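What follows is the content of entry-v1.pdb, which has PDB, C-alpha atoms and all ligand atoms:
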```pdb
ATOM      1  CA  MET A   1      15.780  12.239   8.202
ATOM      2  CA  SER A   2      15.505  10.891   4.658
ATOM      3  CA  ASN A   3      14.044  12.906   1.840
ATOM      4  CA  HIS A   4      10.536  11.644   1.209
ATOM      5  CA  ILE A   5       9.023  12.360  -2.208
ATOM      6  CA  PRO A   6       5.292  11.618  -2.627
ATOM      7  CA  VAL A   7       4.618   9.429  -5.656
ATOM      8  CA  LEU A   8       2.408  10.703  -8.533
ATOM      9  CA  LEU A   9       1.562  13.746  -6.402
ATOM     10  CA  ASP A  10       0.078  16.027  -9.083
ATOM     11  CA  GLU A  11      -1.857  13.208 -10.694
ATOM     12  CA  ALA A  12      -3.334  12.079  -7.354
ATOM     13  CA  ILE A  13      -4.353  15.603  -6.319
ATOM     14  CA  LYS A  14      -5.844  16.393  -9.716
ATOM     15  CA  GLY A  15      -7.596  13.018  -9.642
ATOM     16  CA  LEU A  16      -9.334  13.839  -6.353
ATOM     17  CA  ASN A  17     -10.988  16.922  -7.884
ATOM     18  CA  ILE A  18     -10.845  18.698  -4.520
ATOM     19  CA  LYS A  19     -13.669  21.020  -3.405
ATOM     20  CA  GLN A  20     -12.696  23.651  -0.817
ATOM     21  CA  ASP A  21     -15.480  22.669   1.552
ATOM     22  CA  GLY A  22     -15.334  18.919   1.007
ATOM     23  CA  ILE A  23     -14.460  16.078   3.377
ATOM     24  CA  TYR A  24     -11.500  13.988   2.277
ATOM     25  CA  LEU A  25      -9.773  10.850   3.512
ATOM     26  CA  ASP A  26      -6.096  10.031   3.163
ATOM     27  CA  LEU A  27      -5.967   6.405   4.287
ATOM     28  CA  THR A  28      -2.151   6.270   4.120
ATOM     29  CA  LEU A  29      -0.781   9.417   5.724
ATOM     30  CA  GLY A  30       2.917   8.378   5.785
ATOM     31  CA  ARG A  31       5.078  11.502   5.966
ATOM     32  CA  GLY A  32       2.042  13.560   4.905
ATOM     33  CA  GLY A  33       3.188  14.517   1.405
ATOM     34  CA  HIS A  34      -0.180  13.932  -0.231
ATOM     35  CA  SER A  35      -2.134  15.061   2.859
ATOM     36  CA  LYS A  36      -0.407  18.436   2.851
ATOM     37  CA  GLU A  37      -1.419  19.087  -0.750
ATOM     38  CA  ILE A  38      -5.019  18.090  -0.019
ATOM     39  CA  ALA A  39      -5.194  20.245   3.135
ATOM     40  CA  LYS A  40      -3.745  23.251   1.263
ATOM     41  CA  ARG A  41      -6.725  23.182  -1.068
ATOM     42  CA  LEU A  42      -9.327  23.132   1.712
ATOM     43  CA  ASN A  43     -11.112  26.140   3.110
ATOM     44  CA  LYS A  44     -14.032  24.977   5.252
ATOM     45  CA  GLY A  45     -13.324  21.378   4.353
ATOM     46  CA  LYS A  46     -11.664  18.673   6.491
ATOM     47  CA  LEU A  47      -9.130  15.945   5.877
ATOM     48  CA  ILE A  48      -9.130  12.765   7.925
ATOM     49  CA  ALA A  49      -5.679  11.215   7.645
ATOM     50  CA  ILE A  50      -5.012   7.673   8.831
ATOM     51  CA  ASP A  51      -1.893   5.608   9.389
ATOM     52  CA  GLN A  52      -1.264   2.520  11.483
ATOM     53  CA  ASP A  53       2.358   3.534  12.048
ATOM     54  CA  GLU A  54       2.972   5.574  15.174
ATOM     55  CA  ILE A  55       6.355   6.812  13.919
ATOM     56  CA  ALA A  56       4.895   7.943  10.560
ATOM     57  CA  ILE A  57       2.252   9.964  12.386
ATOM     58  CA  LYS A  58       4.856  11.653  14.598
ATOM     59  CA  GLU A  59       7.075  12.404  11.623
ATOM     60  CA  SER A  60       4.204  13.882   9.578
ATOM     61  CA  GLN A  61       3.484  16.587  12.172
ATOM     62  CA  ASN A  62       6.213  18.976  11.118
ATOM     63  CA  ASN A  63       5.337  18.671   7.442
ATOM     64  CA  LEU A  64       1.672  19.373   8.218
ATOM     65  CA  LYS A  65       2.189  22.053  10.885
ATOM     66  CA  ASP A  66       0.541  24.871   8.910
ATOM     67  CA  TYR A  67      -2.592  22.861   8.187
ATOM     68  CA  LEU A  68      -3.286  20.957  11.409
ATOM     69  CA  ASP A  69      -6.554  22.895  11.971
ATOM     70  CA  LYS A  70      -7.937  21.246   8.835
ATOM     71  CA  ILE A  71      -6.714  17.712   9.560
ATOM     72  CA  ILE A  72      -7.905  15.003  11.927
ATOM     73  CA  ILE A  73      -5.167  12.395  12.316
ATOM     74  CA  VAL A  74      -6.160   8.902  13.406
ATOM     75  CA  ARG A  75      -3.825   6.041  14.205
ATOM     76  CA  ASN A  76      -5.564   2.893  13.024
ATOM     77  CA  ASN A  77      -5.623   0.298  10.277
ATOM     78  CA  PHE A  78      -7.526   1.664   7.285
ATOM     79  CA  LYS A  79      -9.552  -1.533   7.149
ATOM     80  CA  ASN A  80     -11.478  -0.038  10.105
ATOM     81  CA  ILE A  81     -12.480   3.034   8.087
ATOM     82  CA  LYS A  82     -16.218   2.569   8.663
ATOM     83  CA  SER A  83     -15.902   2.531  12.450
ATOM     84  CA  ILE A  84     -13.357   5.388  12.393
ATOM     85  CA  LEU A  85     -15.841   7.573  10.507
ATOM     86  CA  ASN A  86     -18.688   6.383  12.683
ATOM     87  CA  ASP A  87     -16.807   7.630  15.766
ATOM     88  CA  LEU A  88     -16.285  10.989  14.005
ATOM     89  CA  GLN A  89     -19.991  11.056  13.011
ATOM     90  CA  ILE A  90     -19.117  11.335   9.340
ATOM     91  CA  GLU A  91     -21.445   9.464   6.976
ATOM     92  CA  ASN A  92     -19.852  10.059   3.595
ATOM     93  CA  VAL A  93     -16.984  11.869   1.935
ATOM     94  CA  ASP A  94     -16.010  13.758  -1.232
ATOM     95  CA  GLY A  95     -12.797  11.893  -1.964
ATOM     96  CA  ILE A  96     -10.456   9.176  -0.745
ATOM     97  CA  LEU A  97      -6.761   8.599  -1.428
ATOM     98  CA  ILE A  98      -4.919   5.325  -0.802
ATOM     99  CA  ASP A  99      -1.149   5.340  -1.481
ATOM    100  CA  LEU A 100      -0.261   1.752  -0.678
ATOM    101  CA  GLY A 101       2.840   0.024   0.619
ATOM    102  CA  VAL A 102       5.768   1.144   2.708
ATOM    103  CA  SER A 103       6.985   4.731   2.891
ATOM    104  CA  SER A 104      10.624   5.619   2.272
ATOM    105  CA  PRO A 105      11.201   6.582   5.942
ATOM    106  CA  GLN A 106       9.985   3.137   7.010
ATOM    107  CA  PHE A 107      12.091   1.438   4.367
ATOM    108  CA  ASP A 108      15.240   3.475   5.050
ATOM    109  CA  ASN A 109      15.306   2.877   8.815
ATOM    110  CA  PRO A 110      17.311  -0.330   9.456
ATOM    111  CA  LYS A 111      15.672  -0.760  12.880
ATOM    112  CA  ARG A 112      12.302  -1.340  11.211
ATOM    113  CA  GLY A 113      13.675  -4.400   9.408
ATOM    114  CA  PHE A 114      12.072  -3.650   6.009
ATOM    115  CA  THR A 115      15.316  -3.390   4.082
ATOM    116  CA  TYR A 116      17.777  -5.932   2.727
ATOM    117  CA  ARG A 117      20.400  -3.174   2.383
ATOM    118  CA  PHE A 118      21.293  -2.758   6.070
ATOM    119  CA  ASP A 119      21.353  -5.066   9.049
ATOM    120  CA  GLY A 120      18.458  -4.903  11.473
ATOM    121  CA  PRO A 121      15.955  -7.038  13.360
ATOM    122  CA  LEU A 122      13.493  -9.093  11.308
ATOM    123  CA  ASP A 123      10.522  -6.889  12.152
ATOM    124  CA  MET A 124       8.692  -5.317   9.129
ATOM    125  CA  ARG A 125       5.603  -4.306  11.152
ATOM    126  CA  MET A 126       3.932  -1.082  10.068
ATOM    127  CA  ASP A 127       1.822  -1.228  13.227
ATOM    128  CA  GLN A 128       4.200  -1.529  16.190
ATOM    129  CA  SER A 129       1.432  -2.863  18.433
ATOM    130  CA  GLN A 130       0.863  -5.938  16.281
ATOM    131  CA  SER A 131       2.418  -9.192  17.509
ATOM    132  CA  LEU A 132       3.288 -10.975  14.213
ATOM    133  CA  THR A 133       6.735  -9.968  12.915
ATOM    134  CA  ALA A 134       8.948 -11.018  10.011
ATOM    135  CA  TYR A 135      10.916 -13.115  12.528
ATOM    136  CA  ASP A 136       7.798 -15.244  13.128
ATOM    137  CA  VAL A 137       7.109 -15.682   9.411
ATOM    138  CA  VAL A 138      10.717 -16.632   8.628
ATOM    139  CA  ASN A 139      11.294 -18.875  11.637
ATOM    140  CA  LYS A 140       7.888 -20.455  12.219
ATOM    141  CA  TYR A 141       5.998 -20.792   8.903
ATOM    142  CA  SER A 142       5.926 -24.207   7.180
ATOM    143  CA  LEU A 143       7.789 -24.931   3.942
ATOM    144  CA  GLN A 144       4.471 -24.891   2.051
ATOM    145  CA  ASP A 145       3.320 -21.574   3.500
ATOM    146  CA  LEU A 146       6.679 -19.896   2.888
ATOM    147  CA  THR A 147       6.734 -21.135  -0.716
ATOM    148  CA  LYS A 148       3.180 -19.866  -1.292
ATOM    149  CA  ILE A 149       3.922 -16.423   0.154
ATOM    150  CA  LEU A 150       7.163 -15.981  -1.799
ATOM    151  CA  LYS A 151       5.418 -17.010  -5.005
ATOM    152  CA  GLU A 152       2.160 -15.091  -4.583
ATOM    153  CA  TYR A 153       3.337 -11.907  -2.885
ATOM    154  CA  GLY A 154       6.842 -11.699  -4.332
ATOM    155  CA  ASP A 155       6.398 -13.259  -7.797
ATOM    156  CA  GLU A 156       9.605 -15.087  -6.821
ATOM    157  CA  ARG A 157      10.572 -17.674  -9.438
ATOM    158  CA  TYR A 158      12.748 -19.577  -6.959
ATOM    159  CA  ALA A 159      10.138 -19.535  -4.175
ATOM    160  CA  TYR A 160      10.527 -23.227  -3.329
ATOM    161  CA  SER A 161      14.363 -23.150  -3.295
ATOM    162  CA  ILE A 162      14.387 -20.113  -0.993
ATOM    163  CA  ALA A 163      11.717 -21.533   1.331
ATOM    164  CA  ASN A 164      13.641 -24.810   1.437
ATOM    165  CA  GLY A 165      16.895 -22.961   2.182
ATOM    166  CA  ILE A 166      15.209 -21.105   5.058
ATOM    167  CA  VAL A 167      13.711 -24.277   6.550
ATOM    168  CA  LYS A 168      17.047 -26.160   6.336
ATOM    169  CA  TYR A 169      19.032 -23.273   7.873
ATOM    170  CA  ARG A 170      16.707 -22.834  10.811
ATOM    171  CA  LYS A 171      17.232 -26.495  11.826
ATOM    172  CA  GLN A 172      20.689 -25.299  12.989
ATOM    173  CA  LYS A 173      19.730 -21.849  14.325
ATOM    174  CA  THR A 174      17.030 -19.208  14.102
ATOM    175  CA  ILE A 175      17.327 -16.468  11.469
ATOM    176  CA  ASP A 176      17.552 -13.297  13.559
ATOM    177  CA  THR A 177      18.487 -10.387  11.312
ATOM    178  CA  THR A 178      17.803  -8.985   7.864
ATOM    179  CA  LEU A 179      21.334  -9.591   6.568
ATOM    180  CA  GLU A 180      21.326 -13.157   7.922
ATOM    181  CA  LEU A 181      18.148 -13.715   5.889
ATOM    182  CA  VAL A 182      19.786 -12.127   2.830
ATOM    183  CA  GLU A 183      22.664 -14.647   3.119
ATOM    184  CA  VAL A 184      20.251 -17.586   3.410
ATOM    185  CA  ILE A 185      18.362 -16.338   0.328
ATOM    186  CA  LYS A 186      21.562 -15.874  -1.680
ATOM    187  CA  ASN A 187      22.776 -19.366  -0.737
ATOM    188  CA  SER A 188      19.463 -20.853  -1.891
ATOM    189  CA  LEU A 189      19.608 -19.334  -5.385
ATOM    190  CA  PRO A 190      21.435 -20.711  -8.438
ATOM    191  CA  LYS A 191      24.770 -18.868  -8.974
ATOM    192  CA  LYS A 192      23.646 -17.399 -12.323
ATOM    193  CA  VAL A 193      20.721 -15.580 -10.666
ATOM    194  CA  LEU A 194      23.042 -13.740  -8.278
ATOM    195  CA  SER A 195      24.612 -11.794 -11.115
ATOM    196  CA  ASN A 196      21.177 -10.636 -12.402
ATOM    197  CA  LYS A 197      20.197  -6.988 -12.175
ATOM    198  CA  GLY A 198      18.345  -6.161  -8.968
ATOM    199  CA  HIS A 199      18.933  -7.379  -5.423
ATOM    200  CA  PRO A 200      18.447 -11.144  -5.021
ATOM    201  CA  ALA A 201      16.433 -10.666  -1.801
ATOM    202  CA  LYS A 202      14.151  -7.893  -3.082
ATOM    203  CA  GLN A 203      11.162 -10.052  -3.985
ATOM    204  CA  SER A 204      11.398 -12.234  -0.868
ATOM    205  CA  PHE A 205      11.515  -9.193   1.395
ATOM    206  CA  GLN A 206       8.501  -7.705  -0.376
ATOM    207  CA  ALA A 207       6.590 -10.971   0.033
ATOM    208  CA  ILE A 208       7.383 -11.321   3.749
ATOM    209  CA  ARG A 209       6.412  -7.684   4.367
ATOM    210  CA  ILE A 210       3.054  -8.144   2.612
ATOM    211  CA  GLU A 211       2.380 -11.227   4.759
ATOM    212  CA  VAL A 212       3.412  -9.548   8.040
ATOM    213  CA  ASN A 213       1.110  -6.582   7.406
ATOM    214  CA  ASP A 214      -1.662  -8.622   5.749
ATOM    215  CA  GLU A 215      -1.605  -5.959   3.047
ATOM    216  CA  LEU A 216      -3.691  -7.575   0.325
ATOM    217  CA  ASN A 217      -6.509  -8.598   2.671
ATOM    218  CA  ALA A 218      -6.646  -5.117   4.202
ATOM    219  CA  LEU A 219      -6.966  -3.642   0.707
ATOM    220  CA  LYS A 220      -9.666  -6.117  -0.373
ATOM    221  CA  GLN A 221     -11.707  -5.445   2.768
ATOM    222  CA  THR A 222     -11.382  -1.678   2.437
ATOM    223  CA  LEU A 223     -12.239  -1.013  -1.221
ATOM    224  CA  ASP A 224     -15.935  -1.862  -0.825
ATOM    225  CA  ASP A 225     -16.182   0.353   2.243
ATOM    226  CA  CYS A 226     -14.498   3.210   0.398
ATOM    227  CA  LEU A 227     -16.899   2.945  -2.535
ATOM    228  CA  SER A 228     -19.892   2.937  -0.202
ATOM    229  CA  LEU A 229     -18.637   6.097   1.550
ATOM    230  CA  LEU A 230     -18.373   8.277  -1.558
ATOM    231  CA  LYS A 231     -20.841  11.089  -2.149
ATOM    232  CA  LYS A 232     -22.155  11.787  -5.660
ATOM    233  CA  ASN A 233     -19.179  12.906  -7.812
ATOM    234  CA  GLY A 234     -16.823  11.743  -5.041
ATOM    235  CA  ARG A 235     -13.651  10.031  -6.177
ATOM    236  CA  LEU A 236     -11.479   7.174  -4.973
ATOM    237  CA  VAL A 237      -7.818   7.367  -6.031
ATOM    238  CA  VAL A 238      -5.561   4.357  -5.428
ATOM    239  CA  ILE A 239      -1.796   4.165  -5.991
ATOM    240  CA  SER A 240      -0.393   0.620  -5.904
ATOM    241  CA  PHE A 241       3.136  -0.730  -6.249
ATOM    242  CA  HIS A 242       2.688  -4.449  -6.723
ATOM    243  CA  SER A 243       0.889  -6.526  -9.355
ATOM    244  CA  GLY A 244      -1.263  -8.265  -6.690
ATOM    245  CA  GLU A 245      -2.478  -4.931  -5.335
ATOM    246  CA  ASP A 246      -3.182  -3.450  -8.749
ATOM    247  CA  LYS A 247      -5.129  -6.565  -9.751
ATOM    248  CA  ILE A 248      -7.395  -6.199  -6.707
ATOM    249  CA  VAL A 249      -8.056  -2.516  -7.503
ATOM    250  CA  LYS A 250      -8.560  -3.072 -11.233
ATOM    251  CA  THR A 251     -10.954  -6.008 -10.692
ATOM    252  CA  LYS A 252     -13.068  -4.127  -8.135
ATOM    253  CA  PHE A 253     -13.212  -0.937 -10.232
ATOM    254  CA  ASN A 254     -14.236  -2.901 -13.332
ATOM    255  CA  GLN A 255     -16.812  -4.881 -11.401
ATOM    256  CA  VAL A 256     -18.686  -1.791 -10.208
ATOM    257  CA  SER A 257     -18.316   0.376 -13.306
ATOM    258  CA  LYS A 258     -18.710  -1.933 -16.261
ATOM    259  CA  ILE A 259     -21.372  -4.185 -17.643
ATOM    260  CA  ILE A 260     -19.557  -7.483 -18.024
ATOM    261  CA  GLY A 261     -20.761  -9.835 -20.792
ATOM    262  CA  ASN A 262     -23.299  -9.353 -23.556
ATOM    263  CA  ARG A 263     -25.245  -6.074 -23.303
ATOM    264  CA  LEU A 264     -28.254  -7.731 -25.027
ATOM    265  CA  ASP A 265     -28.617 -10.104 -22.065
ATOM    266  CA  ILE A 266     -29.130  -7.276 -19.596
ATOM    267  CA  PRO A 267     -32.679  -7.220 -18.194
ATOM    268  CA  ASP A 268     -34.667  -3.958 -18.523
ATOM    269  CA  ASN A 269     -34.872  -3.603 -14.753
ATOM    270  CA  HIS A 270     -31.066  -3.813 -14.457
ATOM    271  CA  LYS A 271     -29.809  -1.574 -11.650
ATOM    272  CA  PRO A 272     -27.936   1.364 -13.215
ATOM    273  CA  LEU A 273     -24.200   1.444 -12.592
ATOM    274  CA  GLU A 274     -23.203   3.653  -9.661
ATOM    275  CA  PHE A 275     -19.592   4.351 -10.634
ATOM    276  CA  LYS A 276     -17.641   5.470 -13.654
ATOM    277  CA  LEU A 277     -13.989   4.779 -14.382
ATOM    278  CA  ILE A 278     -11.927   7.933 -14.733
ATOM    279  CA  THR A 279      -8.807   5.997 -15.736
ATOM    280  CA  ARG A 280      -9.341   3.266 -18.357
ATOM    281  CA  HIS A 281      -5.625   2.495 -18.035
ATOM    282  CA  PRO A 282      -3.570   3.199 -14.935
ATOM    283  CA  ILE A 283      -1.573   6.421 -14.752
ATOM    284  CA  ILE A 284       2.157   5.727 -14.338
ATOM    285  CA  ALA A 285       5.144   7.915 -13.496
ATOM    286  CA  ASP A 286       7.018   9.613 -16.333
ATOM    287  CA  GLU A 287      10.766   9.306 -16.851
ATOM    288  CA  LYS A 288      11.492  12.539 -15.000
ATOM    289  CA  GLU A 289       9.731  11.318 -11.853
ATOM    290  CA  ILE A 290      11.330   7.866 -12.083
ATOM    291  CA  ASN A 291      14.793   9.468 -12.285
ATOM    292  CA  LEU A 292      14.037  11.621  -9.247
ATOM    293  CA  ASN A 293      12.350   8.853  -7.304
ATOM    294  CA  PRO A 294      13.067   5.292  -8.505
ATOM    295  CA  ARG A 295      10.324   3.950  -6.212
ATOM    296  CA  SER A 296       7.720   5.521  -8.519
ATOM    297  CA  LYS A 297       8.706   3.112 -11.300
ATOM    298  CA  SER A 298       6.247   0.433 -10.239
ATOM    299  CA  ALA A 299       3.441   2.834  -9.235
ATOM    300  CA  LYS A 300       0.004   2.543 -10.867
ATOM    301  CA  LEU A 301      -2.732   5.075 -10.146
ATOM    302  CA  ARG A 302      -6.401   4.321 -10.777
ATOM    303  CA  ILE A 303      -9.415   6.581 -10.254
ATOM    304  CA  ILE A 304     -13.126   5.853 -10.002
ATOM    305  CA  GLU A 305     -16.044   8.273  -9.453
ATOM    306  CA  LYS A 306     -19.464   7.810  -7.881
ATOM    307  CA  ILE A 307     -22.203   8.941 -10.286
TER
HETATM  308  C1  LIG B 401       3.516   4.821   0.675
HETATM  309  S1  LIG B 401       3.266   5.395   2.286
HETATM  310  C2  LIG B 401       2.290   6.836   2.098
HETATM  311  C3  LIG B 401       3.079   8.066   1.813
HETATM  312  C4  LIG B 401       2.240   9.322   1.822
HETATM  313  N1  LIG B 401       1.265   9.347   0.747
HETATM  314  C5  LIG B 401       3.120  10.565   1.759
HETATM  315  O1  LIG B 401       3.002  11.324   0.779
HETATM  316  O2  LIG B 401       3.921  10.768   2.657
HETATM  317  C6  LIG B 401       2.125   4.268   2.931
HETATM  318  C7  LIG B 401       1.748   4.511   4.381
HETATM  319  O3  LIG B 401       0.543   3.795   4.603
HETATM  320  C8  LIG B 401       0.592   3.143   5.843
HETATM  321  N2  LIG B 401      -0.275   1.974   5.710
HETATM  322  C9  LIG B 401      -0.118   0.928   4.871
HETATM  323  N3  LIG B 401      -1.122   0.046   5.036
HETATM  324  C10 LIG B 401      -1.941   0.562   5.998
HETATM  325  C11 LIG B 401      -3.145   0.125   6.608
HETATM  326  N4  LIG B 401      -3.714  -1.045   6.289
HETATM  327  N5  LIG B 401      -3.721   0.930   7.534
HETATM  328  C12 LIG B 401      -3.156   2.118   7.878
HETATM  329  N6  LIG B 401      -2.003   2.568   7.360
HETATM  330  C13 LIG B 401      -1.403   1.798   6.421
HETATM  331  C14 LIG B 401       2.050   2.827   6.062
HETATM  332  O4  LIG B 401       2.324   2.730   7.451
HETATM  333  C15 LIG B 401       2.751   3.996   5.398
HETATM  334  O5  LIG B 401       3.056   5.007   6.329
END
```
Could I get this structure in the form of structure tokens?
Ligand SMILES: C[S@@+](CC[C@H](N)C(=O)[O-])C[C@H]1O[C@@H](n2cnc3c(N)ncnc32)[C@H](O)[C@@H]1O
Amino acid sequence: MSNHIPVLLDEAIKGLNIKQDGIYLDLTLGRGGHSKEIAKRLNKGKLIAIDQDEIAIKESQNNLKDYLDKIIIVRNNFKNIKSILNDLQIENVDGILIDLGVSSPQFDNPKRGFTYRFDGPLDMRMDQSQSLTAYDVVNKYSLQDLTKILKEYGDERYAYSIANGIVKYRKQKTIDTTLELVEVIKNSLPKKVLSNKGHPAKQSFQAIRIEVNDELNALKQTLDDCLSLLKKNGRLVVISFHSGEDKIVKTKFNQVSKIIGNRLDIPDNHKPLEFKLITRHPIIADEKEINLNPRSKSAKLRIIEKI
């Protein structure tokens, strides 16, 4: 079992401003690192912890064993948060945490197909019951769609060359495994890029994973629901790992907490703002945390509060 270290743990817990008798949501349970710290601080309160990954839920049990009486675990996509809470007859909550992306246990297991470091099937599904896999994206998507995904979700400079390399290769045979895809990517890149720092397939793998799990759409759909669920003084804390995710969070938080444009143009009957930004700039990991857990390097944490 790999060692899983929750990212920006203290900052996230402090950011939630936990009340002992409050109701909290952890929309991304993973191995339960953040959930455990929330549950520890509850007395009469409850934590509803959600993950779409069956394996993550199983693996979180041991970590959470002392607190299971305070936690309701639900296997579902967090985009269904409204109906999940409806079923539990919960109308609103005191705080919500979203720690986006893949967890280290998912990433480190070659059988899940998330990693370019070991050979495995081209899977990358967080939700094992979903039908779309990385195999389908790599072997069935058009040149245009592959280029768009690699560019938008991976910020890949050589998106077209890689997409073209994939499409040409699959005319001979399907791309079946992660390391076969790595080879196709490497062969599509100019030689000079291969000696650059960082793995040449990193951005493509990230992009394909985001597409397989429809990550950005799930986030967009869920933020509004989260904001509408918060009680007065309730907080939403989001940790993101990718510029596309952070942009979605930043834009939404600004939209609901700031008066955009000229203040003199605002009519007298203007509806007062319902949220205030707790973080003007995102909180990022310090050097000590980055050394301990390199994954935290790209993490950005933003907090907003209902007023
Ligand atoms: C970065 S990990 C969370 C780690 C967790 N905070 C911890 O301390 O162990 C993200 C988790 O969120 C889950 N996840 C990502 N997107 C999801 C979604 N749309 N619905 C439900 N779970 C999701 C993943 O399966 C993964 O287990």
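Note that the spacing between CA of Val184 in chain A and CA of Thr133 in chain A amounts to 18.2 Å.
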Given the choices A:Ala163, A:Ile210, A:Leu194, A:Thr177, which gets closest to ligand LIG 401 (chain B) if the distance is worked out from all atoms listed in the file?
A:Ile210
Which residues are near ligand LIG 401 (chain B) in this structure, taking near to mean any atom at most 9 Å from a ligand atom and counting all atoms listed in the file? Format them as a PDB file with C-alpha atoms, keeping the file's coordinate frame.
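Produced file pocket.pdb, reproduced below:
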```pdb
ATOM      1  CA  HIS A   4      10.536  11.644   1.209  1.00  0.00           C
ATOM      2  CA  ILE A   5       9.023  12.360  -2.208  1.00  0.00           C
ATOM      3  CA  PRO A   6       5.292  11.618  -2.627  1.00  0.00           C
ATOM      4  CA  VAL A   7       4.618   9.429  -5.656  1.00  0.00           C
ATOM      5  CA  LEU A   9       1.562  13.746  -6.402  1.00  0.00           C
ATOM      6  CA  ASP A  26      -6.096  10.031   3.163  1.00  0.00           C
ATOM      7  CA  LEU A  27      -5.967   6.405   4.287  1.00  0.00           C
ATOM      8  CA  THR A  28      -2.151   6.270   4.120  1.00  0.00           C
ATOM      9  CA  LEU A  29      -0.781   9.417   5.724  1.00  0.00           C
ATOM     10  CA  GLY A  30       2.917   8.378   5.785  1.00  0.00           C
ATOM     11  CA  ARG A  31       5.078  11.502   5.966  1.00  0.00           C
ATOM     12  CA  GLY A  32       2.042  13.560   4.905  1.00  0.00           C
ATOM     13  CA  GLY A  33       3.188  14.517   1.405  1.00  0.00           C
ATOM     14  CA  HIS A  34      -0.180  13.932  -0.231  1.00  0.00           C
ATOM     15  CA  SER A  35      -2.134  15.061   2.859  1.00  0.00           C
ATOM     16  CA  LYS A  36      -0.407  18.436   2.851  1.00  0.00           C
ATOM     17  CA  ILE A  50      -5.012   7.673   8.831  1.00  0.00           C
ATOM     18  CA  ASP A  51      -1.893   5.608   9.389  1.00  0.00           C
ATOM     19  CA  GLN A  52      -1.264   2.520  11.483  1.00  0.00           C
ATOM     20  CA  ASP A  53       2.358   3.534  12.048  1.00  0.00           C
ATOM     21  CA  GLU A  54       2.972   5.574  15.174  1.00  0.00           C
ATOM     22  CA  ILE A  55       6.355   6.812  13.919  1.00  0.00           C
ATOM     23  CA  ALA A  56       4.895   7.943  10.560  1.00  0.00           C
ATOM     24  CA  ILE A  57       2.252   9.964  12.386  1.00  0.00           C
ATOM     25  CA  SER A  60       4.204  13.882   9.578  1.00  0.00           C
ATOM     26  CA  ARG A  75      -3.825   6.041  14.205  1.00  0.00           C
ATOM     27  CA  ASN A  76      -5.564   2.893  13.024  1.00  0.00           C
ATOM     28  CA  ASN A  77      -5.623   0.298  10.277  1.00  0.00           C
ATOM     29  CA  PHE A  78      -7.526   1.664   7.285  1.00  0.00           C
ATOM     30  CA  LYS A  79      -9.552  -1.533   7.149  1.00  0.00           C
ATOM     31  CA  ASN A  80     -11.478  -0.038  10.105  1.00  0.00           C
ATOM     32  CA  LEU A  97      -6.761   8.599  -1.428  1.00  0.00           C
ATOM     33  CA  ILE A  98      -4.919   5.325  -0.802  1.00  0.00           C
ATOM     34  CA  ASP A  99      -1.149   5.340  -1.481  1.00  0.00           C
ATOM     35  CA  LEU A 100      -0.261   1.752  -0.678  1.00  0.00           C
ATOM     36  CA  GLY A 101       2.840   0.024   0.619  1.00  0.00           C
ATOM     37  CA  VAL A 102       5.768   1.144   2.708  1.00  0.00           C
ATOM     38  CA  SER A 103       6.985   4.731   2.891  1.00  0.00           C
ATOM     39  CA  SER A 104      10.624   5.619   2.272  1.00  0.00           C
ATOM     40  CA  PRO A 105      11.201   6.582   5.942  1.00  0.00           C
ATOM     41  CA  GLN A 106       9.985   3.137   7.010  1.00  0.00           C
ATOM     42  CA  ARG A 125       5.603  -4.306  11.152  1.00  0.00           C
ATOM     43  CA  MET A 126       3.932  -1.082  10.068  1.00  0.00           C
ATOM     44  CA  ASP A 127       1.822  -1.228  13.227  1.00  0.00           C
ATOM     45  CA  ASN A 213       1.110  -6.582   7.406  1.00  0.00           C
ATOM     46  CA  ASP A 214      -1.662  -8.622   5.749  1.00  0.00           C
ATOM     47  CA  GLU A 215      -1.605  -5.959   3.047  1.00  0.00           C
ATOM     48  CA  LEU A 216      -3.691  -7.575   0.325  1.00  0.00           C
ATOM     49  CA  ASN A 217      -6.509  -8.598   2.671  1.00  0.00           C
ATOM     50  CA  ALA A 218      -6.646  -5.117   4.202  1.00  0.00           C
ATOM     51  CA  LEU A 219      -6.966  -3.642   0.707  1.00  0.00           C
ATOM     52  CA  THR A 222     -11.382  -1.678   2.437  1.00  0.00           C
ATOM     53  CA  ILE A 239      -1.796   4.165  -5.991  1.00  0.00           C
ATOM     54  CA  SER A 240      -0.393   0.620  -5.904  1.00  0.00           C
ATOM     55  CA  PHE A 241       3.136  -0.730  -6.249  1.00  0.00           C
TER      56      PHE A 241
END
```
All residues 12 Å or closer to Lys140 in chain A, only C-alpha atoms, same chain fewer than 4 positions away omitted, as a list in words:
Leu132, Thr133, Ala134, Tyr135, Asp136, Gln144, Asp145, Leu146, Ala163, Ile166, Val167, Arg170, Lys171, Thr174 and Ile175 of chain A
As a check of understanding: the span from CA of Lys148 in chain A to CA of Arg117 in chain A is 24.3 Å
With 3 Å on each side, where is the centre of the axis-aligned box around all listed atoms of range 270-277 of chain A, and how long are its edges in Å to one decimal, as JSON?
```
{"center_x": -22.5, "center_y": 0.8, "center_z": -12.1, "size_x": 23.1, "size_y": 15.3, "size_z": 10.8}
```
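Atom to atom, CA of Pro190 in chain A and CA of Gln172 in chain A stand 21.9 Å apart.
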Since I can't run it myself right now, could you work out what the PyMOL selection byres (((chain A and resi 25) around 6) and not hetatm) selects here and report it as a ChimeraX atom specification?
/A:24,26-27,47-49,96
List the spatial neighbours of Lys300 in chain A as a list in words - criterion: any atom at most 10 Å away, all atoms listed in the file, same-chain residues fewer than 3 positions off excluded.
Val7, Leu8, Asp99, Val238, Ile239, Ser240, Phe241, His242, Ser243, Glu245, Asp246, His281, Pro282, Ile283, Ile284, Ala285, Ser296 and Lys297 of chain A
